[in-house]
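Beneath this line is the structure, given in structure tokens, with notes to follow.
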Amino acid sequence: MSALHYARPESLADAIAILEQYGPGARVLNGGTDLMVRFQKMQVTPEAIVDIKRVRDMSDAIVWDGDSVTIGARVVMTRLIRDERIRRRYPALVDAASTVGSIQIRNRATLAGNICNASPAADTVPPLLVHGATVQLVGSSGSRETPLDGFFLAPGKTARAPDELLVSITIPPHRSPYGAAFGRLTRRHGVDLASINMACAIDAERAVTFAFGAVGPTPITVKDTSGALADHTVSDAQRDAALQALIARTSPISDVRASAAYRSAMLLVIGRRVLAQAQQRRADFDARE
Amino acid sequence: MAGQLIPITLTVNGTTCRSEVPPHLTLLEFLRDTLNLTGSKRCCGEGECGACTAIMNGEAVNTCLILAAEADGSDLITVEGLSAMPYGARLQQTFLDQGAVQCGFCTPGMVVAAQYLLMNNPDPTPDEIREGLSGNLCRCTGYARIVEAVMGAAGDE
Amino acid sequence: MSNADAHSGITHSGIIGRPINRVGGPERVDGTYRYVGDIKIPNVLHTRLVHLDCGRARIHSVDTSAALQMPGVRAILSGKELPASVKRFGPANRDRPILAIDETTFHGEPVAIVAADTVWAAAQGAAAVVVDYQELPGIYTVEDALAPGAALVQDPALRPNSAYKETNILNEWKFGWGAVDSAEADLVVENDYTFPMMTQFAIEPFTYAVEPTSDGITVYSAIQHPNYLQRVIAEFLDMPLSRVRVIAPDPGGAFGGKQHAKFEPLLAYLALRIGRPLRLELTLEESFQAARRTSAQAHIRTGFQRNGTLVFQDVEINYLIGAYEDIAGRLVAKGSYAGGGGPYRIPNVRILARGVFSNTVPSTAMRGFGLPQMNWPVECQIDEAARELGIDPVELRMKNLPEYGEVFMPQDPPADGRWAETLRKGADAIGWGKPLPPGRGRGISMGLKLGPTTGASYAIVRLHGDGSATVLAGTSDMGQGARTVYTQIAAHELGLSPQRIMVVMGDTQGVPFDLQTSASRSAVFMGNAVLRACRDVARQVQELAAEHYKADAVIVEPGTVEVGGQRKTFDQVMTDRFSKVKGEVIGSGSARAEYDETHPLNGRPAFYEVTCTAVEIEVDKETGVMVFHKLVTVADVGRALNSQHVAMQDDGGAIQGLGHTVMEQYFMDDRGRVRNLGALDYRIPTTMDTPRELISLHVENGDGPGPYGAKGAAEGGILAVSPAVAAAVCAATGAMIRELPLTPQRIWEALHT
């Protein structure tokens with residue numbers, strides 16, 4: 001066993017060089033709210049901890065370009081939740097970020113970290129997925145941008161290469177009217193990991209997108225093509241049938257948080273509520289702007 | 001083989017501290033073992049219990065989930081420095097008066113979290129207090145008296 | 001015990017009953033109180049345990065060679081290397097080895113211990129210990145344990161005198177009275193109930209240190225029973241009690257989990273072997289593997305007359321205990337004996353209770369001591385009958401509560417409280433019978449726990465030359481406020497302000513013997529011992545005043561003596577007497593309850609702890625998610641020595657009860673591994689899970705055996721939460737659930753599957 005090394009690079013090039021040097025033995029330390037838990041339990045035994053919080057190009061800014069927003073890798077949940085424009089435009093993301101851990105956790109945990117940990121239950125991922133977010137990565141072979149949909153490969157595993165850093169997340173503009181909502185189910189009212197979570201977005205063309213978390217090895221994105229979900233004049237039975245068609249694409253399992261059957265049933269119950277809230281927000285969208 | 005030592009400088013309760021720390025050392029261990037500030041407590045090691053809560057650069061954090069090396073350059077307030085904070089002494093008194101302290105092991109983290117809450121929301125509702133303290137577990141009190149204590153300390157300084 | 005002296009002189013100073021702030025509070029809010037983990041010991045080595053990721057295993061070999069080469073690692077001891085002369089230990093039967101020797105018998109039983117310069121080095125060393133083992137099938141449930149031909153959890157040689165040594169049964173207890181089989185009932189309610197495997201979850205994880213000294217050994221432990229630990233260590237090491245010093249700082253929460261020795265004997269052995277002080281801080285996960293509450297399964301038949309009169313109770317309950325006995329024998333007996341009937345007049349009762357060994361985390365005491373497991377079925381049965389008979393649940397309970405002074409358990413003291421008052425107060429506070437919005441429900445329940453059936457508490461009070469006083473009392477103040485009420489008793493009896501009194505606890509070298517801090521005993525037993533020690537001081541001050549002032553002296557009120565027509569406070573007498581040649585007055589007092597072999601529990605309870613809990617909840621029927629609107633507890637405490645402290649205990653007990661009622665449970669896989677160790681997936685209530693209104697009330701009739709008529713408090717609040725909540729869920733949804741905890745999923749399953 002070699003001794004643990006702590007690195008605090010100040011440039012992206014240095015950070016990537018260290019990641020290259022240590023390969024899979026390196027762990028990126030951002031907010032640390034996930035890594036430090038696993039590190040102390042010896043579930044991960046890194047050779048190098050690469051603290052990226054002083055890397056100049058890793059931004060802690062929320063930058064708007066027209067109606068598109070780019071969130072730097074160092075933006076913590078609290079910063080996101082407090083941002084007035086994010087609150088107006090992306091309440092589903094704010095609602096999700098507000099459920100991540102406790103306030104102490106949200107003061108450290110970053111949106112980038114929530115993505116890179118690739119927990120199937122990550123709360124901020126479903127809203128980012130329904131918003132069509134992309135992530136920007138920089139590595140030894142250059143930089144690239146990739147849709148978040150498809151970025152998750154397995155629990156704890158993403159398409160990020162060991163020598164790549166996720167530097168920012170971009171949410172593209174959405175034509176109004178647009179509405180999205182987030183929902184989750186937990187075992188208790190205070191701070192809890194989600195038994196299931198989900199987001200729903202309804203765009204200007206009445207296309208409905210759902211993303212579900214904790215009901216498969218990775219979060220999954222599904223689109224309603226029946227048209228039944230955006231139309232609030234359809235019967236409850238038609239709406240439920242359309243929701244069930246989406247839910248059928250999930251693969252929940254039983255674990256210490258919930259049984260598969262309960263998860264499946266709750267996808268429909270929470271799905272209805274989230275859909276209704278997304279519809280309401282879409283109707284209110286213009287008023288808010 | 002001598003392990004890596006990282007030089008750090010930070011301000012703890014207004015005092016500048018310089019030290020050299022090994023890479024694995026957590027901020028909580030640094031506070032407790034190096035600085036002998038044992039008011040911050042260790043319990044869960046996963047950011048669930050809040051017993052190790054301190055205020056770092058103005059934000060409440062779990063010191064068990066931060067490396068001492070990461071804290072380089074930071075400004076830290078622990079329970080030992082609480083009485084100098086705007087609500088600190090008042091909170092300490094209302095916790096005593098309301099009977100919000102039993103075994104007391106969660107109390108340091110709880111009063112620090114309460115201080116942070118009032119800094120950001122000087123006039124909270126009971127629900128806002130419950131939300132603001134939901135990252136701090138207490139097994140003795142049933143929390144109601146803690147909420148009362150924070151209500152009692154609220155308001156402009 | 002005699003109560004004659006305990007009931008007099010309550011009103012003079014006004015400090016008895018007053019809600020003075022917690023003594024020891026200021027050093028808790030500023031972080032300066034030194035818990036056991038905050039004590040620095042020079043030259044100490046840090047240790048870490050090595051355990052296996054399975055429920056049960058045969059250990060082939062333990063290879064420590066690589067670990068010993070790691071930087072900072074100083075010593076490693078495995079169970080394989082233990083000399084046969086090293087004794088086993090345990091509070092009742094000495095059945096537990098300090099390290100697993102040939103077999104691990106539960107998930108988390110340590111096979112080795114690593115001592116190193118730092119915590120980090122010890123952890124790295126522990127990870128480098130290589131254990132060659134073979135996983136074995138284990139016994140993880142009551143059904144497995146009682147199945148014909150089941151493998152034995154415990155070697156019969158460990159309990160050669162037990163009639164059950166060839167089974168997985170620790171013991172079987174049969175209690176009761178009347179004739180259940182011939183009792184005639186109009187309605188018989190028959191059901192099965194389960195209570196989950198759960199843990200105490202003190203926020204302070206288990207932490208220990210042991211320091212060999214030139215004249216013996218010092219053990220640092222946040223233990224509830226310092227004198228019990230002292231005896232266990234003395235016997236384990238073959239040392240006289242006088243050479244074993246236990247330093248027991250106030251525990252950071254205990255709840256029964258810190259009653260008995262766990263890793264102190266292991267540390268003591270290794271510390272003496274290598275001649276270095278050692279320290280061990282368990283992780284929270286390891287703390288979950290060190291102590292838990294017994295789970296239980298009950299089958300119960302309850303007979304009623306059509307008018308609601310209870311006719312019989314017939315209950316069989318199996319408590320699933322761990323792989324070692326710990327205190328389970330006492331727990332099963334005491335829990336089932338009193339719980340079988342509850343606080344009711346039942347002419348025919350039959351109780352069959354078993355403690356059943358399993359390859360699971362050692363079970364030990366927890367608040368309520370076997371009663372919450374029993375009160376759960378007993379009270380649910382009453383609600384079931386109320387529904388079937390169309391009788392209001394409060395009225396049905398009223399009908400069956402004994403009157404004050406009525407014998408309701410033939411071999412025990414008569415009812416010592418006005419329990420109908422307790423029930424009525426709870427019903428009124430919850431708004432029983434008033435209309436509710438849809439989706440909401442109310443439930444109410446009673447609970448009874450026997451007070452301590454044994455007791456031996458000794459106190460010394462030193463009245464110093466300046467009129468201040470030091471109280472030496474061996475109770476552990478784990479948050480219940482013992483330090484505060486002893487201060488109040490001494491302040492009252494000696495006529496001093498609380499600020500002039502210091503209560504010293506937790507050091508067996510200077511503090512006299514106390515049997516234990518448990519069973520809500522400390523206000524009554526140690527309280528009486530302190531009171532008697534104060535009165536011993538008073539008697540001496542009286543003598544001393546007569547001698548000093550050369551006049552007749554009489555105590556006219558606590559802390560004041562009349563001498564030669566003049567009133568003098570003790571303070572004045574002391575300063576006058578000890579102005580030239582210094583000195584002090586030392587008083588002692590004790591309170592005991594003796595062994596009684598004629599009683600089924602070998603001792604009659606000192607009092608009954610009777611409680612009422614009432615709740616109002618709301619259920620989201622689509623998800624099963626429950627919201628608590630209001631929770632009321634009412635405790636019959638005889639006399640509240642500190643009204644705020646009594647309410648604090650009931651608040652805390654109620655919310656702990658809410659925990660096991662709606663969320664707390666171990667999840668075990670089929671290999672006997674606990675899958676939710678730690679705070680992420682073992683849920684306890686947070687600030688947001690508590691009722692919007694939490695109200696703790698008490699009944700005071702001055703009818704207890706403790707100082708000024710006090711009874712014990714602190715456990716009652718946890719007893720009756722589960723049945724009250726289940727009744728409320730049933731009222732709100734129509735679903736009666738007999739398996740705890742009532743998680744959203746379980747409520748949803750009851751409504752939808």
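To be explicit about the labels: the chains of the structure tokens are called A, B, and onward in the order shown, and within each one the residues are counted from 1, while ligands get numbers from 1 in the order they are shown.
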
Review point. Residues of chain B within 7 Å of chain C, using only C-alpha atoms, as a ChimeraX atom specification?
Key: /B:38-39,43-44,48,79-80,92,96-97,99,101-108,130-131,133-134,137-144

Which residues of chain B sit at most 7 Å from chain A, using only C-alpha atoms? Give each one's shortest atom pair and distance in Å (one decimal place), in chain and ascending residue order, as a Markdown table.
```
| residue | atom | partner | partner_atom | distance |
| --- | --- | --- | --- | --- |
| B:Gly3 | CA | A:Ala3 | CA | 6.4 |
| B:Gln4 | CA | A:His5 | CA | 6.7 |
| B:Pro23 | CA | A:Tyr6 | CA | 5.4 |
| B:Gly45 | CA | A:Val37 | CA | 6.5 |
| B:Glu46 | CA | A:Val37 | CA | 5.0 |
| B:Gly47 | CA | A:Ile105 | CA | 6.7 |
| B:Glu59 | CA | A:Asn107 | CA | 6.4 |
| B:Ala60 | CA | A:Gln104 | CA | 5.2 |
| B:Val61 | CA | A:Gln104 | CA | 4.3 |
| B:Asn62 | CA | A:Gln104 | CA | 5.8 |
| B:Leu65 | CA | A:Met36 | CA | 5.2 |
| B:Ile66 | CA | A:Gly32 | CA | 6.6 |
| B:Gly132 | CA | A:Ile103 | CA | 6.8 |
| B:Ser134 | CA | A:Gly190 | CA | 5.8 |
| B:Gly135 | CA | A:Ser102 | CA | 4.6 |
```

Practice item. Find the residues around Glu20 in chain A up to 8 Å (only C-alpha atoms counted), leave out those fewer than 5 positions away in its own chain, and share them as an NGL selection string. Key: :A and (140 or 162-163)

Exercise for review: Report the residues of range 1-179 of chain A whose backbone DSSP state falls under helix (DSSP H, G or I), written as a ChimeraX atom specification.
Suggested key: /A:12-25,35-40,77-82,84-89,91-97,103-106,111-116,125-130

Review point. Any idea what's packed within 6 Å of range 570-580 of chain C, counting only C-alpha atoms, ignoring anything in its chain fewer than 3 positions away? Could you give it as a PyMOL selection string?
Key: chain C and resi 465-467+559-560+583

Practice item. With a distance cut-off of 7 Å and only C-alpha atoms, select the neighbouring residues of His225 in chain C, excluding the residue or stretch itself and same-chain residues fewer than 4 positions from it, and output the selection as number ranges by chain. Key: C: 229, 259-260, 515-517

Go ahead and save the residues from that selection, with N, CA, C and O atoms, as a CSV table (one decimal), in the first residue's frame.
```
chain,number,residue,atom,x,y,z
C,229,LEU,N,-19.7,-2.6,36.4
C,229,LEU,CA,-18.5,-2.8,35.5
C,229,LEU,C,-17.2,-3.0,36.4
C,229,LEU,O,-16.4,-3.9,36.0
C,259,GLN,N,-25.6,-0.1,29.8
C,259,GLN,CA,-25.7,-0.7,31.2
C,259,GLN,C,-24.4,-1.6,31.5
C,259,GLN,O,-23.9,-1.6,32.6
C,260,HIS,N,-24.1,-2.4,30.5
C,260,HIS,CA,-23.1,-3.5,30.9
C,260,HIS,C,-21.9,-3.5,30.0
C,260,HIS,O,-21.8,-2.9,28.9
C,515,LEU,N,-26.1,0.3,42.9
C,515,LEU,CA,-26.3,-0.9,42.1
C,515,LEU,C,-26.3,-0.6,40.6
C,515,LEU,O,-25.6,-1.2,39.9
C,516,GLN,N,-27.2,0.2,40.2
C,516,GLN,CA,-27.2,0.5,38.8
C,516,GLN,C,-28.1,1.8,38.5
C,516,GLN,O,-28.9,2.2,39.4
C,517,THR,N,-27.9,2.3,37.3
C,517,THR,CA,-28.7,3.4,36.8
C,517,THR,C,-29.7,2.8,35.8
C,517,THR,O,-29.3,2.7,34.6
```

**Study point:** Selection: 12 Å around Thr753 in chain C, only C-alpha atoms, excl. self and same-chain fewer than 2 positions, as a PyMOL selection string
**Key:** (chain A and resi 261-262+265) or (chain C and resi 735+745-751)

Exercise for review: Have a look at A:Asn114, A:Val234, A:Val50, A:Val44 and name the one nearest to Val76 in chain A; count only C-alpha atoms.
Suggested key: A:Asn114

Practice item. Mind checking which residues fall within 9 Å of Pro172 in chain A, counting only C-alpha atoms, ignoring those fewer than 5 positions away in the same chain, and posting them as a list in words? Key: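 So the residues in contact are Asp67, Ser68, Val69, Thr70, His131, Gly132, Ala133 and Thr134 of chain A.
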
Review point. How many Å separate CA of Thr207 in chain C from CA of Asp326 in chain C?
Key: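 Between CA of Thr207 in chain C and CA of Asp326 in chain C the gap works out to 18.9 Å.
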
Review point. Which residue out of C:Lys711, C:Arg683, C:Arg243, C:Lys399 has the minimum interatomic distance to chain A when only C-alpha atoms are used?
Key: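 Once distances to chain A are computed over only C-alpha atoms, the minimum belongs to C:Arg683.
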
**Study point:** All strand (DSSP E or B) positions in range 7-191 of chain C, as a PyMOL selection string
**Key:** chain C and resi 17+45-50+57-63+73-78+89+96+103-104+112-116+130-135+169-177+187-191

Check your understanding: What separation in Å, quoted to one decimal, exists between CA of Leu280 in chain C and CA of Ile233 in chain C?
Key -> 16.5 Å

Check your understanding: What is the CA of Met198 in chain A-CA of Ile617 in chain C distance in Å, reported with one decimal?
Key ->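 So the two atoms, CA of Met198 in chain A and CA of Ile617 in chain C, lie 27.2 Å apart.
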
Point to revise | Using only C-alpha atoms: which of C:Gly709, C:Gly506, C:Gly125, C:Pro110 has the shortest distance to chain A | key: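 Checking each candidate against chain A, we get C:Gly125 as the closest.
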